[in-house]
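Peer 1: Next comes coords12.txt, compact mmCIF, C-alpha atoms:
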```
# COMPACT_ATOMS: atom_id res chain seq x y z
CA MET U 1 -12.84 122.71 115.01
CA ILE U 2 -15.20 120.92 112.72
CA LYS U 3 -13.33 122.08 109.70
CA PHE U 4 -10.09 120.81 111.14
CA ASN U 5 -11.56 117.40 111.88
CA SER U 6 -12.86 116.96 108.39
CA PHE U 7 -9.48 117.94 107.02
CA ARG U 8 -7.84 115.20 109.06
CA SER U 9 -10.21 112.58 107.87
CA VAL U 10 -9.35 113.39 104.27
CA ASN U 11 -5.69 113.10 105.07
CA ARG U 12 -6.14 109.67 106.56
CA ASN U 13 -7.63 108.28 103.40
CA LEU U 14 -4.73 109.21 101.13
CA PRO U 15 -4.17 106.38 98.65
CA ALA U 16 -0.83 104.53 98.67
CA ILE U 17 1.78 106.05 96.40
CA SER U 18 1.89 104.13 93.17
CA THR U 19 5.15 102.27 92.66
CA ALA U 20 4.25 101.26 89.14
CA SER U 21 6.94 103.45 87.62
CA LEU U 22 9.69 101.92 89.73
CA PRO U 23 10.14 98.90 87.44
CA ASP U 24 10.37 101.24 84.45
CA ILE U 25 13.15 103.19 86.06
CA VAL U 26 15.02 100.03 86.96
CA PHE U 27 14.59 98.69 83.45
CA ILE U 28 16.03 101.88 82.01
CA LEU U 29 19.05 101.41 84.27
CA LEU U 30 19.27 97.79 83.19
CA PHE U 31 19.24 98.63 79.50
CA PHE U 32 21.83 101.31 80.07
CA PHE U 33 24.16 98.77 81.64
CA MET U 34 23.44 96.19 78.98
CA THR U 35 24.45 98.58 76.23
CA VAL U 36 27.58 100.13 77.73
CA THR U 37 29.14 96.99 79.13
CA THR U 38 30.30 93.72 77.72
CA ILE U 39 30.17 90.36 79.38
CA LYS U 40 33.46 89.46 81.02
CA GLU U 41 35.17 86.87 78.91
CA GLN U 42 38.07 86.30 81.19
CA ASN U 43 38.53 86.04 84.87
CA LEU U 44 41.49 88.14 85.76
CA MET U 45 44.09 86.10 87.55
CA VAL U 46 46.77 88.78 87.50
CA GLU U 47 46.94 92.29 88.83
CA ASN U 48 45.92 94.60 86.03
CA THR U 49 46.20 98.31 86.48
CA LEU U 50 47.07 99.66 83.06
CA PRO U 51 49.41 102.60 82.54
CA LYS U 52 48.05 105.84 81.13
CA ALA U 53 48.53 107.36 77.71
CA THR U 54 46.99 110.10 75.61
CA GLU U 55 47.76 109.23 71.98
CA THR U 56 45.56 106.16 71.99
CA GLU U 57 43.48 104.52 69.33
CA LYS U 58 40.26 102.69 70.05
CA LEU U 59 40.05 98.93 69.87
CA ASP U 60 36.34 98.77 69.31
CA LYS U 61 36.17 95.71 67.10
CA ARG U 62 36.41 92.98 69.65
CA ASP U 63 36.33 90.09 67.18
CA ARG U 64 39.89 90.59 65.95
CA ILE U 65 41.66 91.00 69.23
CA ILE U 66 43.85 88.55 71.05
CA GLU U 67 44.27 89.57 74.64
CA ILE U 68 47.35 88.91 76.72
CA PHE U 69 47.37 89.91 80.35
CA VAL U 70 50.65 90.42 82.14
CA GLY U 71 51.02 91.13 85.82
CA ASN U 72 51.75 89.74 89.22
CA SER U 73 49.38 86.94 90.13
CA THR U 74 46.60 88.00 92.45
CA ASN U 75 46.47 86.83 96.06
CA THR U 76 43.94 84.08 95.44
CA HIS U 77 46.12 82.50 92.79
CA GLN U 78 49.43 82.92 94.54
CA SER U 79 48.96 79.78 96.60
CA MET U 80 49.12 77.54 93.58
CA MET U 81 51.31 79.53 91.23
CA GLY U 82 53.52 81.50 93.57
CA SER U 83 54.05 85.21 93.22
CA GLY U 84 55.93 86.93 90.43
CA THR U 85 54.99 88.23 87.02
CA ARG U 86 52.73 85.90 85.07
CA ILE U 87 51.14 85.86 81.66
CA GLN U 88 47.47 85.05 81.35
CA MET U 89 45.70 84.06 78.17
CA ASN U 90 42.23 82.57 77.94
CA ASN U 91 41.72 82.09 81.66
CA ARG U 92 44.94 80.27 82.33
CA PHE U 93 48.53 81.00 83.16
CA VAL U 94 50.83 80.55 80.22
CA ALA U 95 54.59 80.14 80.25
CA ILE U 96 56.46 82.56 78.04
CA GLU U 97 57.47 79.82 75.57
CA GLU U 98 53.82 78.82 75.08
CA VAL U 99 52.56 82.30 74.22
CA GLY U 100 53.12 81.77 70.50
CA ASP U 101 51.16 78.52 70.45
CA TYR U 102 48.23 79.96 72.34
CA ALA U 103 48.21 83.10 70.20
CA LEU U 104 48.10 80.99 67.04
CA GLN U 105 45.30 78.93 68.51
CA ALA U 106 43.32 82.09 69.18
CA LEU U 107 44.12 83.31 65.68
CA TYR U 108 42.76 80.17 64.03
CA GLN U 109 39.52 80.46 65.93
CA MET U 110 38.88 83.71 64.14
CA PRO U 111 37.08 83.84 60.84
CA GLU U 112 39.42 83.76 57.86
CA HIS U 113 39.01 87.36 56.73
CA LEU U 114 39.90 88.74 60.15
CA ARG U 115 43.18 86.88 60.54
CA LYS U 116 45.29 89.37 58.69
CA VAL U 117 43.98 92.28 60.74
CA ALA U 118 44.25 90.49 64.08
CA THR U 119 45.70 92.67 66.80
CA VAL U 120 47.37 91.49 69.95
CA SER U 121 46.34 93.61 72.87
CA ILE U 122 48.99 93.59 75.57
CA LYS U 123 47.35 94.45 78.85
CA ALA U 124 50.25 94.79 81.21
CA ASP U 125 50.19 95.98 84.76
CA VAL U 126 52.05 99.10 85.88
CA ALA U 127 54.38 97.00 88.04
CA VAL U 128 55.62 94.93 85.09
CA LYS U 129 59.23 95.23 83.96
CA MET U 130 60.30 95.50 80.34
CA GLY U 131 62.10 92.13 80.37
CA ILE U 132 58.94 90.09 80.13
CA ILE U 133 57.42 92.47 77.59
CA GLU U 134 60.45 92.02 75.37
CA ASP U 135 60.27 88.24 75.65
CA LEU U 136 56.60 88.50 74.76
CA LYS U 137 57.33 90.61 71.71
CA LYS U 138 59.99 88.16 70.60
CA GLU U 139 57.51 85.28 70.86
CA LEU U 140 54.91 87.21 68.89
CA ARG U 141 57.44 87.99 66.20
CA LEU U 142 58.22 84.29 65.88
CA VAL U 143 54.60 83.52 65.05
CA ASN U 144 54.32 86.58 62.82
CA LEU U 145 51.70 88.40 64.86
CA LEU U 146 53.10 91.85 64.33
CA LYS U 147 50.20 94.16 65.04
CA ILE U 148 50.28 94.91 68.71
CA ASN U 149 48.53 97.34 70.95
CA TYR U 150 49.78 98.44 74.33
CA THR U 151 46.41 98.80 75.95
CA THR U 152 46.22 101.73 78.34
CA PHE U 153 43.86 103.91 80.24
CA GLU U 154 43.23 107.39 78.97
CA GLY U 155 45.20 109.82 81.06
CA ASN U 156 48.24 111.95 81.45
CA VAL U 157 51.50 110.03 80.98
CA PHE U 158 53.24 112.08 83.61
CA ASP U 159 51.22 110.24 86.23
CA ASN U 160 52.95 107.05 85.13
CA GLN U 161 56.35 107.87 86.44
CA MET U 162 55.76 107.08 90.07
CA ARG U 163 57.73 103.94 90.73
CA VAL U 164 55.99 101.23 92.63
CA ASP U 165 58.76 99.65 94.64
CA MET X 1 -26.51 92.07 86.15
CA ALA X 2 -25.01 95.19 84.69
CA LYS X 3 -23.20 95.79 87.88
CA HIS X 4 -20.12 97.90 87.24
CA ARG X 5 -17.06 96.34 88.79
CA THR X 6 -13.86 98.31 89.11
CA THR X 7 -11.06 96.12 87.87
CA GLN X 8 -8.54 95.23 90.49
CA GLU X 9 -5.15 96.85 89.86
CA VAL X 10 -2.42 94.30 89.32
CA ASN X 11 0.24 94.55 91.97
CA ALA X 12 3.40 95.50 90.15
CA GLY X 13 5.58 95.59 93.25
CA SER X 14 7.44 92.41 92.44
CA MET X 15 8.25 93.64 88.95
CA ALA X 16 10.74 96.05 90.44
CA ASP X 17 12.35 93.21 92.37
CA ILE X 18 12.72 91.14 89.22
CA ALA X 19 14.21 94.06 87.36
CA PHE X 20 16.62 94.70 90.20
CA LEU X 21 17.73 91.07 90.15
CA LEU X 22 18.44 91.33 86.42
CA LEU X 23 20.28 94.59 86.93
CA ILE X 24 22.46 93.14 89.67
CA PHE X 25 23.20 90.10 87.55
CA PHE X 26 24.45 92.35 84.76
CA LEU X 27 26.47 94.48 87.11
CA VAL X 28 28.26 91.38 88.35
CA THR X 29 28.94 89.65 85.03
CA ALA X 30 29.66 92.66 82.87
CA SER X 31 32.55 95.03 82.83
CA ILE X 32 33.25 98.24 81.00
CA GLU X 33 36.14 97.28 78.77
CA THR X 34 39.19 99.46 78.55
CA ASP X 35 39.73 99.22 74.88
CA SER X 36 42.10 101.84 73.71
CA GLY X 37 45.83 101.87 73.47
CA LEU X 38 48.95 102.58 71.49
CA ASN X 39 49.16 100.67 68.23
CA ARG X 40 52.59 99.52 67.13
CA MET X 41 53.92 97.22 64.47
CA LEU X 42 56.67 94.78 65.36
CA PRO X 43 59.45 94.27 62.82
CA GLN X 44 59.54 91.11 60.70
CA LYS X 45 61.41 88.30 62.37
CA ASN X 46 64.06 87.91 59.71
CA GLN X 47 64.85 91.54 59.20
CA GLU X 48 68.51 92.29 58.79
CA ALA X 49 70.10 95.15 60.65
CA VAL X 50 69.67 98.43 58.84
CA ALA X 51 73.00 99.48 57.44
CA ASP X 52 74.42 102.94 57.15
CA ILE X 53 72.42 105.32 59.23
CA LYS X 54 74.03 108.69 59.51
CA GLU X 55 74.46 109.64 63.09
CA ARG X 56 72.47 112.82 62.72
CA ASN X 57 69.48 110.84 61.45
CA LEU X 58 69.29 108.66 64.52
CA PHE X 59 67.60 109.79 67.69
CA GLU X 60 68.56 107.41 70.43
CA ILE X 61 66.41 107.08 73.49
CA SER X 62 67.52 104.74 76.24
CA ILE X 63 65.76 104.01 79.47
CA ASN X 64 67.86 102.39 82.15
CA ASN X 65 67.00 100.15 85.07
CA ALA X 66 66.33 103.16 87.27
CA ASP X 67 63.85 104.55 84.72
CA GLU X 68 66.06 107.46 83.76
CA ILE X 69 65.56 108.58 80.21
CA MET X 70 68.53 109.45 78.03
CA ALA X 71 67.97 111.05 74.66
CA ASN X 72 70.89 111.82 72.35
CA ARG X 73 73.43 111.28 75.14
CA GLU X 74 71.70 113.58 77.59
CA VAL X 75 69.65 112.61 80.60
CA ILE X 76 66.33 114.34 80.21
CA GLN X 77 62.94 114.49 81.83
CA LEU X 78 59.93 112.96 80.15
CA GLU X 79 58.29 116.38 79.96
CA VAL X 80 60.75 117.69 77.38
CA LEU X 81 60.96 114.52 75.30
CA ARG X 82 58.09 115.39 72.99
CA LYS X 83 59.62 118.73 72.13
CA GLY X 84 62.99 117.12 71.49
CA VAL X 85 61.51 114.47 69.20
CA THR X 86 59.47 117.05 67.32
CA GLU X 87 62.53 119.21 66.74
CA PHE X 88 64.52 116.19 65.61
CA ILE X 89 61.96 115.03 63.04
CA ASP X 90 60.96 118.46 61.83
CA ASN X 91 64.51 119.79 61.53
CA GLY X 92 64.46 119.85 57.74
CA GLY X 93 68.19 119.84 57.05
CA SER X 94 68.27 119.66 53.28
CA ASN X 95 65.32 119.52 50.94
CA CYS X 96 62.22 119.45 53.10
CA GLU X 97 60.08 122.33 52.05
CA TYR X 98 57.31 121.71 54.60
CA CYS X 99 59.52 121.41 57.69
CA LEU X 100 59.59 124.33 60.08
CA GLY X 101 62.84 123.53 61.91
CA ASN X 102 66.00 125.57 61.80
CA GLY X 103 67.92 123.00 59.80
CA THR X 104 70.80 122.49 62.19
CA ASP X 105 73.55 120.02 61.42
CA GLU X 106 72.99 117.83 64.46
CA LEU X 107 69.39 116.85 63.82
CA SER X 108 67.76 114.84 61.05
CA GLU X 109 68.15 115.70 57.38
CA HIS X 110 64.59 114.85 56.42
CA PRO X 111 61.55 113.40 58.23
CA GLY X 112 61.77 110.44 55.86
CA LYS X 113 65.26 109.67 57.04
CA ALA X 114 64.70 110.31 60.72
CA ILE X 115 64.90 107.15 62.79
CA ILE X 116 64.10 106.92 66.45
CA SER X 117 65.47 104.07 68.49
CA ILE X 118 64.22 103.08 71.91
CA LYS X 119 66.48 100.96 74.08
CA THR X 120 65.25 99.52 77.30
CA GLU X 121 66.81 97.32 79.93
CA ARG X 122 65.17 94.31 81.47
CA ASN X 123 64.34 96.11 84.67
CA THR X 124 62.96 99.23 83.07
CA SER X 125 59.39 99.61 84.20
CA TYR X 126 56.67 99.21 81.63
CA PRO X 127 54.72 102.44 82.35
CA VAL X 128 57.81 104.53 81.61
CA TYR X 129 58.27 102.69 78.32
CA VAL X 130 54.63 103.32 77.45
CA SER X 131 55.06 106.99 78.34
CA VAL X 132 58.05 107.29 76.02
CA GLN X 133 56.16 105.58 73.20
CA ASN X 134 53.26 107.90 73.86
CA GLU X 135 55.43 111.00 73.64
CA ILE X 136 56.97 109.85 70.34
CA LEU X 137 53.57 109.09 68.87
CA GLY X 138 52.40 112.43 70.21
CA ALA X 139 55.17 114.23 68.34
CA TYR X 140 54.34 112.42 65.10
CA ASN X 141 50.63 113.02 65.50
CA HIS X 142 51.23 116.70 66.10
CA LEU X 143 53.35 117.06 62.97
CA ARG X 144 51.02 115.00 60.83
CA ASP X 145 48.02 116.98 62.02
CA ARG X 146 49.79 120.22 61.25
CA GLU X 147 50.48 119.20 57.66
CA SER X 148 47.04 117.68 57.26
CA LEU X 149 45.43 120.92 58.38
CA ARG X 150 47.64 122.91 56.02
CA LEU X 151 47.03 120.73 52.96
CA PHE X 152 43.49 119.45 53.40
CA GLY X 153 42.00 121.61 56.10
CA VAL X 154 41.14 118.74 58.45
CA PRO X 155 43.20 116.95 61.08
CA LEU X 156 44.48 113.50 60.15
CA GLU X 157 42.47 111.80 62.86
CA GLU X 158 39.23 113.10 61.40
CA MET X 159 40.14 111.78 57.96
CA GLU X 160 40.99 108.38 59.41
CA LEU X 161 37.72 108.27 61.32
CA GLU X 162 35.78 109.06 58.19
CA TYR X 163 37.76 106.49 56.23
CA TYR X 164 36.87 103.69 58.62
CA LYS X 165 33.18 104.63 58.78
CA GLU X 166 30.84 102.21 57.06
CA GLU X 167 28.68 104.87 55.47
CA THR X 168 31.49 106.60 53.61
CA ASN X 169 31.17 105.79 49.92
CA GLU X 170 33.91 104.24 47.80
CA GLU X 171 34.95 107.38 45.91
CA ARG X 172 35.33 109.37 49.08
CA LYS X 173 37.25 106.51 50.67
CA GLN X 174 39.68 106.41 47.77
CA LEU X 175 40.28 110.12 48.08
CA LEU X 176 40.73 109.93 51.83
CA LYS X 177 43.11 107.03 51.46
CA GLU X 178 45.26 109.03 49.10
CA HIS X 179 45.25 112.00 51.46
CA ILE X 180 46.16 109.86 54.45
CA GLU X 181 48.98 108.25 52.53
CA VAL X 182 50.34 111.63 51.50
CA ILE X 183 50.51 112.70 55.14
CA ARG X 184 52.01 109.41 56.29
CA GLU X 185 54.59 109.66 53.54
CA MET X 186 55.57 113.12 54.75
CA TYR X 187 56.22 111.93 58.28
CA PRO X 188 56.80 108.18 58.22
CA GLN X 189 57.17 106.60 61.64
CA LYS X 190 60.47 104.81 61.89
CA ILE X 191 60.91 103.50 65.37
CA LEU X 192 63.57 100.93 66.08
CA GLU X 193 63.74 98.79 69.14
CA PRO X 194 67.07 97.03 69.31
CA GLU X 195 67.05 93.94 71.45
CA THR X 196 68.75 94.28 74.77
CA VAL X 197 71.36 92.03 76.21
CA LYS X 198 70.44 90.12 79.32
CA ASN X 199 71.41 91.84 82.50
```
Rewrite the structure from the file as structure tokens, please.
Peer 2:
Amino acid sequence: MIKFNSFRSVNRNLPAISTASLPDIVFILLFFFMTVTTIKEQNLMVENTLPKATETEKLDKRDRIIEIFVGNSTNTHQSMMGSGTRIQMNNRFVAIEEVGDYALQALYQMPEHLRKVATVSIKADVAVKMGIIEDLKKELRLVNLLKINYTTFEGNVFDNQMRVD
Amino acid sequence: MAKHRTTQEVNAGSMADIAFLLLIFFLVTASIETDSGLNRMLPQKNQEAVADIKERNLFEISINNADEIMANREVIQLEVLRKGVTEFIDNGGSNCEYCLGNGTDELSEHPGKAIISIKTERNTSYPVYVSVQNEILGAYNHLRDRESLRLFGVPLEEMELEYYKEETNEERKQLLKEHIEVIREMYPQKILEPETVKN
């Protein structure tokens, strides 16, 4: 009995568990996220689920890339722009005829030595039809931006064929 | 006065909160970028139509509004497209000593003469177009890798990776560049995309 009592008293005085390592763990998580992610430069205003492809090449040098998003406008933006396929560049909707101008603007913001290696990354949604892509390519040809990249997710192309209509 | 005082431990509980706030801030503002895709070159704007292509050297792929794929006047499934394109390029009709094809009369004479054309209609869906591009690139990559392995013992992709690395020295780069150009010369990518009429 006595032994048992003394055991209990020891138990009651257990020190609080130290939480000092918790910040360290969180900081490790934080640094992990800081290294693998990039800050969002654009707010997506269009639907943007990319198709899949396997024979891809990496676009890891972000400084020479001009991004063009194509897709149906998202619900929040439909009220002012209406639905339908839209083109987004630099956080705004762009009409097809203006694509060239905006692309050139983006090009001239780049440092001189990068201009000749500038790549246009076309980020088009899976629901997009080829008509708008062709118009886009025609506009890019007019301003002589010939290096393009159909940006995709990594994945099997045979998953692409499901029609969304 | 030499009274020993145990130093009070600093309460680090709020440190975790601060770190969590930072973490959540980064989770909200950052995104993992999807930054890979199919590279293509568009033709120059004032390019004249290419004259005189022999019919056997042209591999026509058309995708209609219902996303059906037609290659060389036959409706085919996407799954067999890569094989078809590979056979077409690698046919080796006349004087191609590295081609492994049977050399039939219907397919291309030489990889250097083989031209692939992709026609789409305005209502063709984009993912199908990307898939077709992917299959064509896949066929070329396969053939180029095969020759690269045979001649230099490494796949083309590895050579390209090494070429673009900063630490590779100039001599090595020059050599790699020559090798890469040899392979690209063996299987040049000639992909045409004729403009469609409005429909």
Peer 1: Please check the contacts: residues of chain X at most 6 Å away from chain U, using all atoms listed in the file, listed as a list in words.
Peer 2: Ala12, Met15, Ala16, Leu23, Thr29, Ala30, Ser31, Ile32, Asp35, Ser36, Gly37, Leu38, Asn39, Arg40, Met41, Leu42, Lys45, Arg122, Asn123, Thr124, Ser125, Tyr126, Pro127, Ser131, Asn134 and Gly138 of chain X
Peer 1: So how many Å separate atom CA of X:Val10 and atom CA of U:Leu14, to one decimal?
Peer 2: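 Separation of atom CA of X:Val10 and atom CA of U:Leu14: 19.2 Å.
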Peer 1: Using only C-alpha atoms, determine which residues lie at most 8 Å from U:Met89, disregarding the query and same-chain residues fewer than 6 positions distant; provide the list as JSON, numbers by chain.
Peer 2: {"U": [67, 68, 69, 102]}
Peer 1: Skip X:Leu81 itself and residues of its chain fewer than 3 positions away, then list as a PyMOL selection string all residues within 10 Å of it, counting all atoms listed in the file.
Peer 2: chain X and resi 61+69-71+76-78+84-87+132+135-136+139
Peer 1: Once you have the residues from the selection above, write them out as a PDB file, keeping the file's coordinate frame, restricted to C-alpha atoms.
Peer 2:
```pdb
ATOM      1  CA  ILE X  61      66.410 107.080  73.490  1.00  0.00           C
ATOM      2  CA  ILE X  69      65.560 108.580  80.210  1.00  0.00           C
ATOM      3  CA  MET X  70      68.530 109.450  78.030  1.00  0.00           C
ATOM      4  CA  ALA X  71      67.970 111.050  74.660  1.00  0.00           C
ATOM      5  CA  ILE X  76      66.330 114.340  80.210  1.00  0.00           C
ATOM      6  CA  GLN X  77      62.940 114.490  81.830  1.00  0.00           C
ATOM      7  CA  LEU X  78      59.930 112.960  80.150  1.00  0.00           C
ATOM      8  CA  GLY X  84      62.990 117.120  71.490  1.00  0.00           C
ATOM      9  CA  VAL X  85      61.510 114.470  69.200  1.00  0.00           C
ATOM     10  CA  THR X  86      59.470 117.050  67.320  1.00  0.00           C
ATOM     11  CA  GLU X  87      62.530 119.210  66.740  1.00  0.00           C
ATOM     12  CA  VAL X 132      58.050 107.290  76.020  1.00  0.00           C
ATOM     13  CA  GLU X 135      55.430 111.000  73.640  1.00  0.00           C
ATOM     14  CA  ILE X 136      56.970 109.850  70.340  1.00  0.00           C
ATOM     15  CA  ALA X 139      55.170 114.230  68.340  1.00  0.00           C
TER      16      ALA X 139
END
```
Peer 1: Write out as a PyMOL selection string which residues come within 12 Å of U:Gln109 when counting all atoms listed in the file, dropping same-chain ones fewer than 6 positions away.
Peer 2: chain U and resi 63-66+102-103+115+118
Peer 1: Could you work out how far atom CA of X:Val182 lies from atom CA of X:Phe59, giving the answer in Å with one decimal?
Peer 2: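 Separation of atom CA of X:Phe59 and atom CA of X:Val182: 23.7 Å.
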Peer 1: Around stretch 81-96 of chain U, with edges along x, y and z and 8 Å added on all six sides, what centre and edge lengths do you get, in Å to one decimal, as JSON?
Peer 2:
```
{"center_x": 49.1, "center_y": 83.9, "center_z": 85.8, "size_x": 30.7, "size_y": 24.7, "size_z": 31.6}
```
Peer 1: Record the distance separating atom CA of X:Lys119 and atom CA of X:Leu107, expressed in Å with one decimal.
Peer 2: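 Taking atom CA of X:Lys119 and atom CA of X:Leu107, their separation equals 19.1 Å.
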